[in-house]
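J.: Dumping the structure here so I can ask a few things about it.
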Amino acid sequence: MQIKATTLTNGEMIDLLHRSNVRPSLHRLAVLGYVANRRTHPTADEVYSAMVTDFPRMSRTTVYNSLHALVEAGVLRELDIESQSTRYDLAQQIPHSHFRCTACGKIYDMNLPEGLSGVVDPGFKVSATDLFFTGLCAECTVTELS
């Protein structure tokens, strides 16, 4: 089941950055807002391409540094779904899995399967769960059947 996206306001993003001990600069807010509110799981280059329209003086290095700072603070997560590129996702309180469509390339947030916590042996401490599904999304499945 796909997870419904929520939108973070500027105030919520500033509060999140303060709680994570990150100075809320204009560029960090713009990068965080793009990743958090579009839920497209963008690459750094996709974030840069989107930012340069509104911030023509923003460098690619600024985008990379902002992403790095947000990942280090635990605000964003790096996703290694594709071997050729790292994608970014909001580090939510609700653990979730991802589904990547092999036809259109879109990545969707999905609920974790029930009973997943029972998979780990006693004595192990899980710091992150990365579960990725691949296949055809609903839209591409319909297109394939047409």
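By order of appearance in the structure tokens: chains A, B, ..., then residues from 1 within every chain, and ligands from 1 in the order shown.
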Can you list, as number ranges by chain, every protein, DNA or RNA residue that comes within 10 Å of Met51 in chain A when you count only C-alpha atoms, leaving out same-chain residues fewer than 3 positions away?

T.: A: 27, 30-31, 34, 45-48, 54-60, 63

J.: If we count only C-alpha atoms, what is near Asp89 in chain A at a cut-off of 12 Å, once residues fewer than 2 positions away on the same chain are taken out, given as JSON, numbers by chain?

T.: {"A": [5, 31, 32, 33, 34, 35, 36, 37, 38, 39, 40, 41, 42, 43, 44, 47, 67, 70, 71, 74, 75, 76, 77, 78, 79, 80, 81, 86, 87, 91, 92, 95, 96, 97, 98, 107, 108, 109, 130]}

J.: So, counting only C-alpha atoms, which residue among A:Arg28, A:Val120, A:Ser127, A:Phe99 is closest to Leu16 in chain A?

T.: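 For Leu16 in chain A, the nearest of the candidates is A:Arg28.
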
J.: Using DSSP on the backbone coordinates, identify the residues of chain A assigned to strand (DSSP E); present them as a PyMOL selection string.

T.: chain A and resi 76-82+85-90+96-101+107-111+132-135

J.: Among chain A, which residues carry a DSSP assignment of alpha helix (DSSP H), reported as a PyMOL selection string?

T.: chain A and resi 10-19+26-38+44-54+60-72+138-145

J.: Find the residues near Asn21 in chain A: any atom within 8 Å, counting only C-alpha atoms, skip ones fewer than 3 places away on the same chain, and give them as number ranges by chain.

T.: A: 17-18, 73

J.: Between CA of Thr53 in chain A and CA of Leu29 in chain A, what is the spacing in Å?

T.: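 These two atoms are separated by 15.4 Å.
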